[in-house]
Every structure is written in C-alpha cells, then in structure tokens.
file data36.cif (mmCIF, N, CA and C atoms)
data_work
#
loop_
_atom_site.label_atom_id
_atom_site.label_comp_id
_atom_site.auth_asym_id
_atom_site.auth_seq_id
_atom_site.Cartn_x
_atom_site.Cartn_y
_atom_site.Cartn_z
N MET A 40 12.07 -13.11 -115.99
CA MET A 40 12.37 -11.89 -116.72
C MET A 40 12.52 -12.19 -118.22
N LEU A 41 13.22 -13.25 -118.56
CA LEU A 41 13.41 -13.63 -119.95
C LEU A 41 12.07 -13.98 -120.60
N ARG A 42 11.21 -14.62 -119.81
CA ARG A 42 9.89 -15.01 -120.31
C ARG A 42 9.07 -13.75 -120.64
N VAL A 43 9.14 -12.71 -119.83
CA VAL A 43 8.42 -11.46 -120.07
C VAL A 43 8.93 -10.79 -121.35
N ILE A 44 10.23 -10.80 -121.56
CA ILE A 44 10.82 -10.19 -122.75
C ILE A 44 10.38 -10.95 -124.00
N ILE A 45 10.38 -12.27 -123.95
CA ILE A 45 9.98 -13.07 -125.10
C ILE A 45 8.49 -12.86 -125.41
N ILE A 46 7.66 -12.85 -124.40
CA ILE A 46 6.22 -12.64 -124.61
C ILE A 46 5.98 -11.23 -125.15
N SER A 47 6.70 -10.25 -124.62
CA SER A 47 6.56 -8.87 -125.10
C SER A 47 6.98 -8.77 -126.57
N PHE A 48 8.05 -9.44 -126.92
CA PHE A 48 8.53 -9.43 -128.31
C PHE A 48 7.49 -10.06 -129.25
N ILE A 49 6.92 -11.18 -128.85
CA ILE A 49 5.91 -11.86 -129.67
C ILE A 49 4.67 -10.98 -129.82
N LEU A 50 4.21 -10.38 -128.74
CA LEU A 50 3.04 -9.52 -128.81
C LEU A 50 3.29 -8.28 -129.68
N LEU A 51 4.46 -7.71 -129.56
CA LEU A 51 4.82 -6.55 -130.37
C LEU A 51 4.87 -6.92 -131.85
N THR A 52 5.42 -8.06 -132.17
CA THR A 52 5.49 -8.52 -133.55
C THR A 52 4.10 -8.76 -134.12
N LEU A 53 3.23 -9.39 -133.34
CA LEU A 53 1.86 -9.64 -133.78
C LEU A 53 1.11 -8.32 -133.99
N PHE A 54 1.27 -7.39 -133.08
CA PHE A 54 0.60 -6.10 -133.19
C PHE A 54 1.03 -5.37 -134.45
N GLU A 55 2.32 -5.35 -134.72
CA GLU A 55 2.83 -4.65 -135.89
C GLU A 55 2.37 -5.29 -137.18
N SER A 56 2.36 -6.62 -137.24
CA SER A 56 1.93 -7.28 -138.46
C SER A 56 0.43 -7.10 -138.70
N CYS A 57 -0.35 -7.01 -137.65
CA CYS A 57 -1.79 -6.81 -137.80
C CYS A 57 -2.12 -5.36 -138.15
N SER A 58 -1.28 -4.42 -137.76
CA SER A 58 -1.58 -3.01 -138.00
C SER A 58 -1.23 -2.58 -139.43
N ARG A 59 -0.43 -3.35 -140.15
CA ARG A 59 -0.11 -3.01 -141.53
C ARG A 59 -1.32 -3.29 -142.41
N LYS A 60 -1.64 -2.31 -143.23
CA LYS A 60 -2.77 -2.47 -144.14
C LYS A 60 -2.25 -2.63 -145.56
N GLU A 61 -2.78 -3.59 -146.24
CA GLU A 61 -2.47 -3.78 -147.64
C GLU A 61 -3.34 -2.82 -148.45
N ILE A 62 -2.79 -2.27 -149.49
CA ILE A 62 -3.53 -1.38 -150.38
C ILE A 62 -4.01 -2.22 -151.55
N SER A 63 -5.32 -2.26 -151.73
CA SER A 63 -5.88 -3.07 -152.82
C SER A 63 -5.98 -2.23 -154.09
N PRO A 64 -5.97 -2.90 -155.25
CA PRO A 64 -6.12 -2.16 -156.52
C PRO A 64 -7.43 -1.37 -156.59
N GLU A 65 -8.47 -1.85 -155.93
CA GLU A 65 -9.75 -1.15 -155.93
C GLU A 65 -9.66 0.20 -155.22
N GLN A 66 -8.77 0.31 -154.24
CA GLN A 66 -8.59 1.57 -153.53
C GLN A 66 -7.89 2.61 -154.40
N ILE A 67 -7.14 2.16 -155.39
CA ILE A 67 -6.34 3.05 -156.22
C ILE A 67 -7.03 3.35 -157.55
N SER A 68 -7.54 2.32 -158.20
CA SER A 68 -8.15 2.47 -159.52
C SER A 68 -9.35 3.39 -159.48
N GLY A 69 -9.52 4.18 -160.54
CA GLY A 69 -10.66 5.06 -160.63
C GLY A 69 -10.35 6.34 -161.38
N ARG A 70 -11.27 7.31 -161.29
CA ARG A 70 -11.14 8.61 -161.94
C ARG A 70 -10.87 9.68 -160.89
N TYR A 71 -9.88 10.49 -161.18
CA TYR A 71 -9.52 11.60 -160.31
C TYR A 71 -9.63 12.89 -161.14
N VAL A 72 -10.34 13.88 -160.62
CA VAL A 72 -10.67 15.08 -161.40
C VAL A 72 -10.18 16.35 -160.71
N ARG A 73 -9.73 17.27 -161.53
CA ARG A 73 -9.38 18.62 -161.07
C ARG A 73 -10.05 19.59 -162.03
N ILE A 74 -10.81 20.53 -161.50
CA ILE A 74 -11.51 21.51 -162.32
C ILE A 74 -10.88 22.88 -162.07
N ILE A 75 -10.51 23.54 -163.16
CA ILE A 75 -9.84 24.83 -163.10
C ILE A 75 -10.72 25.87 -163.77
N ASP A 76 -11.11 26.91 -163.05
CA ASP A 76 -11.87 28.03 -163.61
C ASP A 76 -10.95 29.23 -163.72
N PHE A 77 -11.06 29.97 -164.82
CA PHE A 77 -10.20 31.13 -165.02
C PHE A 77 -10.90 32.17 -165.87
N GLU A 78 -10.48 33.42 -165.72
CA GLU A 78 -11.02 34.51 -166.52
C GLU A 78 -10.33 34.56 -167.86
N VAL A 79 -11.10 34.85 -168.91
CA VAL A 79 -10.55 34.97 -170.26
C VAL A 79 -10.66 36.43 -170.69
N PRO A 80 -9.52 37.08 -170.92
CA PRO A 80 -9.57 38.49 -171.35
C PRO A 80 -9.76 38.61 -172.86
N HIS A 81 -10.38 39.70 -173.28
CA HIS A 81 -10.50 40.01 -174.70
C HIS A 81 -9.10 40.37 -175.19
N LEU A 82 -8.69 39.83 -176.33
CA LEU A 82 -7.32 40.03 -176.81
C LEU A 82 -7.01 41.49 -177.15
N ALA A 83 -7.98 42.20 -177.65
CA ALA A 83 -7.72 43.59 -178.07
C ALA A 83 -7.85 44.58 -176.91
N THR A 84 -8.86 44.40 -176.06
CA THR A 84 -9.12 45.40 -175.02
C THR A 84 -8.58 44.99 -173.64
N GLY A 85 -8.41 43.72 -173.41
CA GLY A 85 -7.96 43.26 -172.11
C GLY A 85 -9.08 43.13 -171.09
N LYS A 86 -10.30 43.55 -171.46
CA LYS A 86 -11.45 43.42 -170.56
C LYS A 86 -11.88 41.95 -170.48
N LYS A 87 -12.54 41.63 -169.39
CA LYS A 87 -12.98 40.25 -169.19
C LYS A 87 -14.02 39.87 -170.25
N LEU A 88 -13.70 38.83 -171.01
CA LEU A 88 -14.60 38.33 -172.03
C LEU A 88 -15.57 37.31 -171.44
N GLY A 89 -15.07 36.54 -170.51
CA GLY A 89 -15.89 35.50 -169.89
C GLY A 89 -15.04 34.62 -169.01
N THR A 90 -15.57 33.45 -168.72
CA THR A 90 -14.88 32.48 -167.87
C THR A 90 -14.67 31.18 -168.63
N GLY A 91 -13.49 30.61 -168.46
CA GLY A 91 -13.19 29.31 -169.05
C GLY A 91 -13.06 28.27 -167.95
N THR A 92 -13.36 27.04 -168.30
CA THR A 92 -13.24 25.93 -167.36
C THR A 92 -12.47 24.81 -168.02
N ILE A 93 -11.49 24.26 -167.32
CA ILE A 93 -10.77 23.08 -167.79
C ILE A 93 -11.07 21.95 -166.82
N ARG A 94 -11.49 20.81 -167.38
CA ARG A 94 -11.72 19.60 -166.59
C ARG A 94 -10.58 18.65 -166.92
N ASP A 95 -9.70 18.45 -165.95
CA ASP A 95 -8.51 17.61 -166.09
C ASP A 95 -8.78 16.31 -165.34
N THR A 96 -8.85 15.19 -166.06
CA THR A 96 -9.20 13.91 -165.47
C THR A 96 -8.06 12.91 -165.63
N ILE A 97 -7.69 12.25 -164.54
CA ILE A 97 -6.71 11.18 -164.57
C ILE A 97 -7.44 9.87 -164.32
N PHE A 98 -7.25 8.90 -165.21
CA PHE A 98 -7.83 7.57 -165.08
C PHE A 98 -6.73 6.61 -164.69
N ILE A 99 -6.93 5.87 -163.60
CA ILE A 99 -5.96 4.88 -163.16
C ILE A 99 -6.63 3.51 -163.20
N SER A 100 -6.02 2.58 -163.91
CA SER A 100 -6.58 1.23 -164.00
C SER A 100 -5.50 0.22 -163.65
N ALA A 101 -5.91 -0.82 -162.94
CA ALA A 101 -5.00 -1.87 -162.52
C ALA A 101 -4.62 -2.74 -163.71
N LYS A 102 -3.36 -3.06 -163.79
CA LYS A 102 -2.84 -3.97 -164.81
C LYS A 102 -2.14 -5.11 -164.08
N GLN A 103 -1.68 -6.10 -164.82
CA GLN A 103 -1.10 -7.29 -164.21
C GLN A 103 0.11 -6.98 -163.33
N ASP A 104 0.96 -6.08 -163.76
CA ASP A 104 2.19 -5.80 -163.01
C ASP A 104 2.29 -4.34 -162.58
N GLY A 105 1.17 -3.70 -162.31
CA GLY A 105 1.17 -2.30 -161.87
C GLY A 105 -0.12 -1.61 -162.24
N TYR A 106 -0.01 -0.38 -162.70
CA TYR A 106 -1.17 0.42 -163.05
C TYR A 106 -0.89 1.19 -164.32
N GLU A 107 -1.96 1.55 -165.02
CA GLU A 107 -1.86 2.39 -166.21
C GLU A 107 -2.52 3.72 -165.89
N VAL A 108 -1.87 4.81 -166.27
CA VAL A 108 -2.38 6.16 -166.02
C VAL A 108 -2.67 6.81 -167.37
N ARG A 109 -3.93 7.24 -167.54
CA ARG A 109 -4.35 7.98 -168.74
C ARG A 109 -4.86 9.35 -168.29
N ASN A 110 -4.83 10.31 -169.19
CA ASN A 110 -5.23 11.67 -168.85
C ASN A 110 -6.07 12.27 -169.98
N ASN A 111 -7.16 12.93 -169.63
CA ASN A 111 -7.98 13.69 -170.58
C ASN A 111 -8.13 15.10 -170.06
N LYS A 112 -8.16 16.06 -170.99
CA LYS A 112 -8.42 17.45 -170.62
C LYS A 112 -9.44 18.01 -171.60
N TRP A 113 -10.45 18.68 -171.04
CA TRP A 113 -11.50 19.30 -171.82
C TRP A 113 -11.66 20.74 -171.36
N ARG A 114 -12.03 21.61 -172.30
CA ARG A 114 -12.21 23.03 -171.99
C ARG A 114 -13.59 23.49 -172.48
N ARG A 115 -14.20 24.36 -171.68
CA ARG A 115 -15.48 24.98 -172.04
C ARG A 115 -15.41 26.45 -171.67
N ASN A 116 -15.93 27.29 -172.56
CA ASN A 116 -16.02 28.72 -172.31
C ASN A 116 -17.48 29.08 -172.12
N ASP A 117 -17.77 29.97 -171.17
CA ASP A 117 -19.16 30.35 -170.94
C ASP A 117 -19.65 31.43 -171.92
N TYR A 118 -18.75 31.97 -172.74
CA TYR A 118 -19.11 33.06 -173.63
C TYR A 118 -19.29 32.60 -175.09
N ASP A 119 -19.13 31.31 -175.37
CA ASP A 119 -19.37 30.83 -176.74
C ASP A 119 -20.31 29.62 -176.70
N THR A 120 -20.64 29.11 -177.86
CA THR A 120 -21.57 27.98 -177.94
C THR A 120 -20.88 26.71 -178.41
N LEU A 121 -19.57 26.64 -178.27
CA LEU A 121 -18.82 25.47 -178.75
C LEU A 121 -18.93 24.28 -177.81
N GLY A 122 -19.29 24.51 -176.55
CA GLY A 122 -19.38 23.42 -175.58
C GLY A 122 -18.00 22.92 -175.17
N TRP A 123 -17.94 21.68 -174.72
CA TRP A 123 -16.68 21.10 -174.27
C TRP A 123 -15.79 20.77 -175.47
N GLN A 124 -14.56 21.24 -175.43
CA GLN A 124 -13.58 21.01 -176.49
C GLN A 124 -12.42 20.18 -175.95
N ASP A 125 -12.06 19.13 -176.69
CA ASP A 125 -10.94 18.28 -176.30
C ASP A 125 -9.63 19.04 -176.49
N LEU A 126 -8.75 19.00 -175.48
CA LEU A 126 -7.46 19.71 -175.54
C LEU A 126 -6.32 18.81 -176.02
N GLU A 127 -6.65 17.71 -176.67
CA GLU A 127 -5.64 16.74 -177.13
C GLU A 127 -4.52 17.40 -177.94
N HIS A 128 -4.87 18.34 -178.81
CA HIS A 128 -3.86 18.94 -179.70
C HIS A 128 -3.59 20.40 -179.37
N GLU A 129 -3.91 20.79 -178.15
CA GLU A 129 -3.69 22.17 -177.72
C GLU A 129 -2.38 22.28 -176.95
N GLU A 130 -2.00 23.51 -176.64
CA GLU A 130 -0.78 23.77 -175.88
C GLU A 130 -0.86 23.14 -174.48
N ASN A 131 -2.03 23.20 -173.88
CA ASN A 131 -2.26 22.64 -172.54
C ASN A 131 -2.81 21.21 -172.68
N HIS A 132 -2.12 20.39 -173.43
CA HIS A 132 -2.60 19.04 -173.76
C HIS A 132 -2.45 18.07 -172.58
N PRO A 133 -3.20 16.96 -172.60
CA PRO A 133 -3.06 15.97 -171.53
C PRO A 133 -1.73 15.23 -171.64
N MET A 134 -1.32 14.61 -170.52
CA MET A 134 -0.09 13.83 -170.54
C MET A 134 -0.36 12.52 -171.28
N PRO A 135 0.66 11.93 -171.90
CA PRO A 135 0.46 10.65 -172.57
C PRO A 135 0.22 9.53 -171.54
N THR A 136 -0.31 8.42 -172.01
CA THR A 136 -0.54 7.25 -171.15
C THR A 136 0.80 6.66 -170.75
N TYR A 137 0.90 6.28 -169.47
CA TYR A 137 2.13 5.66 -168.99
C TYR A 137 1.84 4.65 -167.88
N ARG A 138 2.83 3.82 -167.57
CA ARG A 138 2.71 2.77 -166.56
C ARG A 138 3.38 3.20 -165.27
N VAL A 139 2.77 2.80 -164.14
CA VAL A 139 3.32 3.13 -162.82
C VAL A 139 3.29 1.88 -161.94
N THR A 140 4.12 1.93 -160.89
CA THR A 140 4.10 0.89 -159.87
C THR A 140 3.88 1.56 -158.51
N LEU A 141 3.25 0.84 -157.62
CA LEU A 141 2.91 1.38 -156.30
C LEU A 141 4.06 1.19 -155.33
N ASP A 142 4.41 2.25 -154.62
CA ASP A 142 5.33 2.18 -153.49
C ASP A 142 4.46 2.23 -152.24
N PRO A 143 4.21 1.08 -151.58
CA PRO A 143 3.28 1.05 -150.45
C PRO A 143 3.76 1.78 -149.21
N THR A 144 5.05 2.10 -149.13
CA THR A 144 5.55 2.78 -147.94
C THR A 144 5.02 4.20 -147.81
N ASP A 145 4.80 4.86 -148.96
CA ASP A 145 4.28 6.24 -148.91
C ASP A 145 3.11 6.46 -149.87
N SER A 146 2.49 5.39 -150.35
CA SER A 146 1.32 5.45 -151.24
C SER A 146 1.59 6.31 -152.47
N THR A 147 2.71 6.08 -153.10
CA THR A 147 3.08 6.83 -154.30
C THR A 147 3.08 5.90 -155.50
N LEU A 148 2.53 6.39 -156.61
CA LEU A 148 2.60 5.67 -157.88
C LEU A 148 3.76 6.26 -158.67
N ASN A 149 4.81 5.46 -158.83
CA ASN A 149 6.02 5.93 -159.49
C ASN A 149 6.06 5.43 -160.92
N PRO A 150 6.38 6.31 -161.87
CA PRO A 150 6.43 5.89 -163.28
C PRO A 150 7.56 4.91 -163.53
N GLU A 151 7.31 3.97 -164.44
CA GLU A 151 8.36 3.02 -164.81
C GLU A 151 9.50 3.74 -165.53
N LEU A 152 9.17 4.78 -166.29
CA LEU A 152 10.18 5.60 -166.96
C LEU A 152 10.37 6.87 -166.15
N SER A 153 11.16 6.78 -165.10
CA SER A 153 11.34 7.93 -164.22
C SER A 153 12.05 9.06 -164.98
N GLY A 154 11.70 10.27 -164.64
CA GLY A 154 12.27 11.44 -165.29
C GLY A 154 11.40 11.97 -166.42
N LEU A 155 10.59 11.10 -167.02
CA LEU A 155 9.71 11.54 -168.10
C LEU A 155 8.33 11.93 -167.60
N PHE A 156 7.89 11.29 -166.52
CA PHE A 156 6.55 11.52 -165.99
C PHE A 156 6.63 11.82 -164.49
N LEU A 157 5.59 12.49 -163.99
CA LEU A 157 5.54 12.82 -162.57
C LEU A 157 4.99 11.66 -161.75
N SER A 158 5.47 11.54 -160.53
CA SER A 158 4.89 10.57 -159.59
C SER A 158 3.53 11.08 -159.14
N LEU A 159 2.68 10.15 -158.75
CA LEU A 159 1.34 10.47 -158.26
C LEU A 159 1.25 10.04 -156.81
N LYS A 160 1.03 10.98 -155.92
CA LYS A 160 0.93 10.72 -154.48
C LYS A 160 -0.54 10.52 -154.12
N LEU A 161 -0.86 9.37 -153.55
CA LEU A 161 -2.24 9.05 -153.16
C LEU A 161 -2.52 9.42 -151.72
N ASP A 162 -3.69 9.98 -151.48
CA ASP A 162 -4.21 10.20 -150.14
C ASP A 162 -5.50 9.39 -150.07
N LEU A 163 -5.36 8.11 -149.71
CA LEU A 163 -6.49 7.18 -149.73
C LEU A 163 -7.55 7.53 -148.70
N LYS A 164 -7.14 8.15 -147.62
CA LYS A 164 -8.09 8.52 -146.56
C LYS A 164 -9.08 9.58 -147.06
N ASN A 165 -8.59 10.55 -147.83
CA ASN A 165 -9.43 11.66 -148.32
C ASN A 165 -9.82 11.51 -149.79
N ASN A 166 -9.48 10.37 -150.41
CA ASN A 166 -9.78 10.11 -151.83
C ASN A 166 -9.24 11.21 -152.73
N ARG A 167 -7.96 11.51 -152.56
CA ARG A 167 -7.31 12.54 -153.36
C ARG A 167 -6.02 11.99 -153.95
N LEU A 168 -5.57 12.69 -154.98
CA LEU A 168 -4.33 12.35 -155.66
C LEU A 168 -3.62 13.66 -155.98
N ARG A 169 -2.31 13.65 -155.82
CA ARG A 169 -1.51 14.86 -156.12
C ARG A 169 -0.50 14.50 -157.19
N LYS A 170 -0.42 15.31 -158.22
CA LYS A 170 0.52 15.08 -159.31
C LYS A 170 1.80 15.84 -159.00
N GLY A 171 2.90 15.13 -158.87
CA GLY A 171 4.17 15.77 -158.53
C GLY A 171 4.19 16.22 -157.08
N LYS A 172 4.98 17.23 -156.79
CA LYS A 172 5.11 17.73 -155.42
C LYS A 172 4.26 18.96 -155.15
N SER A 173 3.67 19.52 -156.19
CA SER A 173 2.91 20.75 -156.04
C SER A 173 1.60 20.52 -155.29
N GLU A 174 1.29 21.42 -154.37
CA GLU A 174 0.02 21.35 -153.64
C GLU A 174 -1.14 21.86 -154.50
N ARG A 175 -0.83 22.49 -155.63
CA ARG A 175 -1.88 22.99 -156.52
C ARG A 175 -2.47 21.88 -157.39
N ASN A 176 -1.71 20.86 -157.66
CA ASN A 176 -2.14 19.79 -158.56
C ASN A 176 -2.85 18.67 -157.80
N VAL A 177 -3.94 19.02 -157.10
CA VAL A 177 -4.68 18.04 -156.31
C VAL A 177 -5.95 17.65 -157.06
N TYR A 178 -6.15 16.36 -157.21
CA TYR A 178 -7.31 15.80 -157.90
C TYR A 178 -8.17 15.07 -156.88
N SER A 179 -9.49 15.13 -157.05
CA SER A 179 -10.43 14.43 -156.18
C SER A 179 -10.97 13.21 -156.91
N ARG A 180 -11.08 12.11 -156.18
CA ARG A 180 -11.60 10.88 -156.78
C ARG A 180 -13.12 10.98 -156.89
N ILE A 181 -13.63 10.56 -158.05
CA ILE A 181 -15.07 10.51 -158.24
C ILE A 181 -15.47 9.07 -158.51
N LYS A 182 -16.66 8.74 -158.12
CA LYS A 182 -17.15 7.35 -158.27
C LYS A 182 -17.70 7.12 -159.65
#
call {"tool": "encode", "arguments": {"input": "data36.cif", "output": "structure tokens"}}
result
Amino acid sequence: MLRVIIISFILLTLFESCSRKEISPEQISGRYVRIIDFEVPHLATGKKLGTGTIRDTIFISAKQDGYEVRNNKWRRNDYDTLGWQDLEHEENHPMPTYRVTLDPTDSTLNPELSGLFLSLKLDLKNNRLRKGKSERNVYSRIK
C-alpha cells in the first residue's frame, strides 16, 4: 500500500511538472492593434460629416529584465484629404512608454510603476491583449 502511494505521488509530481508551460518572450513580443471606427458629426448642424478611424497600436519588446511597452495612435477621416494623422499631441494621445514584468500565473504584464499604468492581460491562445479590466480594450496581435 505504501509503495502504491509513493509511486502515485511520483507520477503525479512528474505529470504536473510536465504540464506547466513556460511562456517565451517570442510569444509575448510583437504588435497588438485595435481599430476604432466612429461617426463624426458636423459641429454646426449635427449631421453626419463622415467616418473617423483610430488605429491604436501597442508594441511590446523583450528587455533584459522584463518588457517595454510603447503605444502609437493614428487617426484618419474619410471626409478629408489629410490622411493618417499622429495623435501624439492630441487629447486622445498614446500612453507613454513604460516597463512591465510578466506574472506567469495569469499571463499578465504588470507595470513596474503600479498605479500609473494599466496592466496588460495576455490571451496567448487567441493572440489577444486586453488593456486594464475593460472588455472593450481588446487588441489583436499582428505579425
């Protein structure tokens, strides 16, 4: 009976250690994009002037002791000829660059300066990233 318990314990330990997957930096690093389309009303009449598009991109790159997160936001309107405009100095500006560390228990990238920046929740199976707790802030990984 003792022999069965010991063998069961060893097999269970081996199974658990083999089932844990390490998350590699290649699985995390990359570009994650969220595209937002919205109607733009005419300021005087309130009628639809056209459609605007914001391309919100998060870049994650591996560093020696964690990861670096950068953000770009660009806007384009279908009713003008300005093309893509950088939102760096706009009200809806990108977040500043910051450093994060990986929490492998729940695949979360937590900022080193907590409270100033949002955590990033990774869904490695579906190649998605969520900023904060909101289900609206979902980004898709692009190659």
call {"tool": "resolve_selection", "arguments": {"input": "data36.cif", "expression": "the PyMOL selection byres ((chain A and resi 86-90) around 7)", "output": "ChimeraX atom specification"}}
result
/A:76-85,91-92,115-118
call {"tool": "select_by_dssp", "arguments": {"input": "data36.cif", "residues": "chain A", "states": "helix (DSSP H, G or I)", "output": "PyMOL selection string"}}
result
chain A and resi 41-58+64-67
call {"tool": "residues_around", "arguments": {"input": "data36.cif", "residues": "Val108 of chain A", "least_positions_apart": "5", "cutoff": "9 Å", "atoms": "only C-alpha atoms", "output": "list of chain:residue names"}}
result
A:Ile97, A:Phe98, A:Ile99, A:Ser100, A:Pro135, A:Thr136, A:Tyr137, A:Arg138, A:Val139
call {"tool": "residues_around", "arguments": {"input": "data36.cif", "residues": "Asp145 of chain A", "least_positions_apart": "5", "cutoff": "10 Å", "atoms": "only C-alpha atoms", "output": "compact mmCIF listing (two decimals) with N, CA and C atoms, in the coordinates of the input"}}
result
# COMPACT_ATOMS: atom_id res chain seq x y z
N LYS A 160 1.03 10.98 -155.92
CA LYS A 160 0.93 10.72 -154.48
C LYS A 160 -0.54 10.52 -154.12
N LEU A 161 -0.86 9.37 -153.55
CA LEU A 161 -2.24 9.05 -153.16
C LEU A 161 -2.52 9.42 -151.72
N ASP A 162 -3.69 9.98 -151.48
CA ASP A 162 -4.21 10.20 -150.14
C ASP A 162 -5.50 9.39 -150.07
call {"tool": "atom_distance", "arguments": {"input": "data36.cif", "atom1": "atom CA of Asp104 of chain A", "atom2": "atom CA of Thr144 of chain A"}}
result
17.7 Å
call {"tool": "select_by_dssp", "arguments": {"input": "data36.cif", "residues": "segment 47-181 of chain A", "states": "strand (DSSP E)", "output": "number ranges by chain"}}
result
A: 69-80, 87-102, 105-116, 124-125, 137-142, 147-150, 159-162, 167-170, 177-181
call {"tool": "atom_distance", "arguments": {"input": "data36.cif", "atom1": "atom C of Val72 of chain A", "atom2": "atom C of Glu127 of chain A"}}
result
18.2 Å
call {"tool": "atom_distance", "arguments": {"input": "data36.cif", "atom1": "atom CA of Arg167 of chain A", "atom2": "atom C of Leu148 of chain A"}}
result
13.8 Å
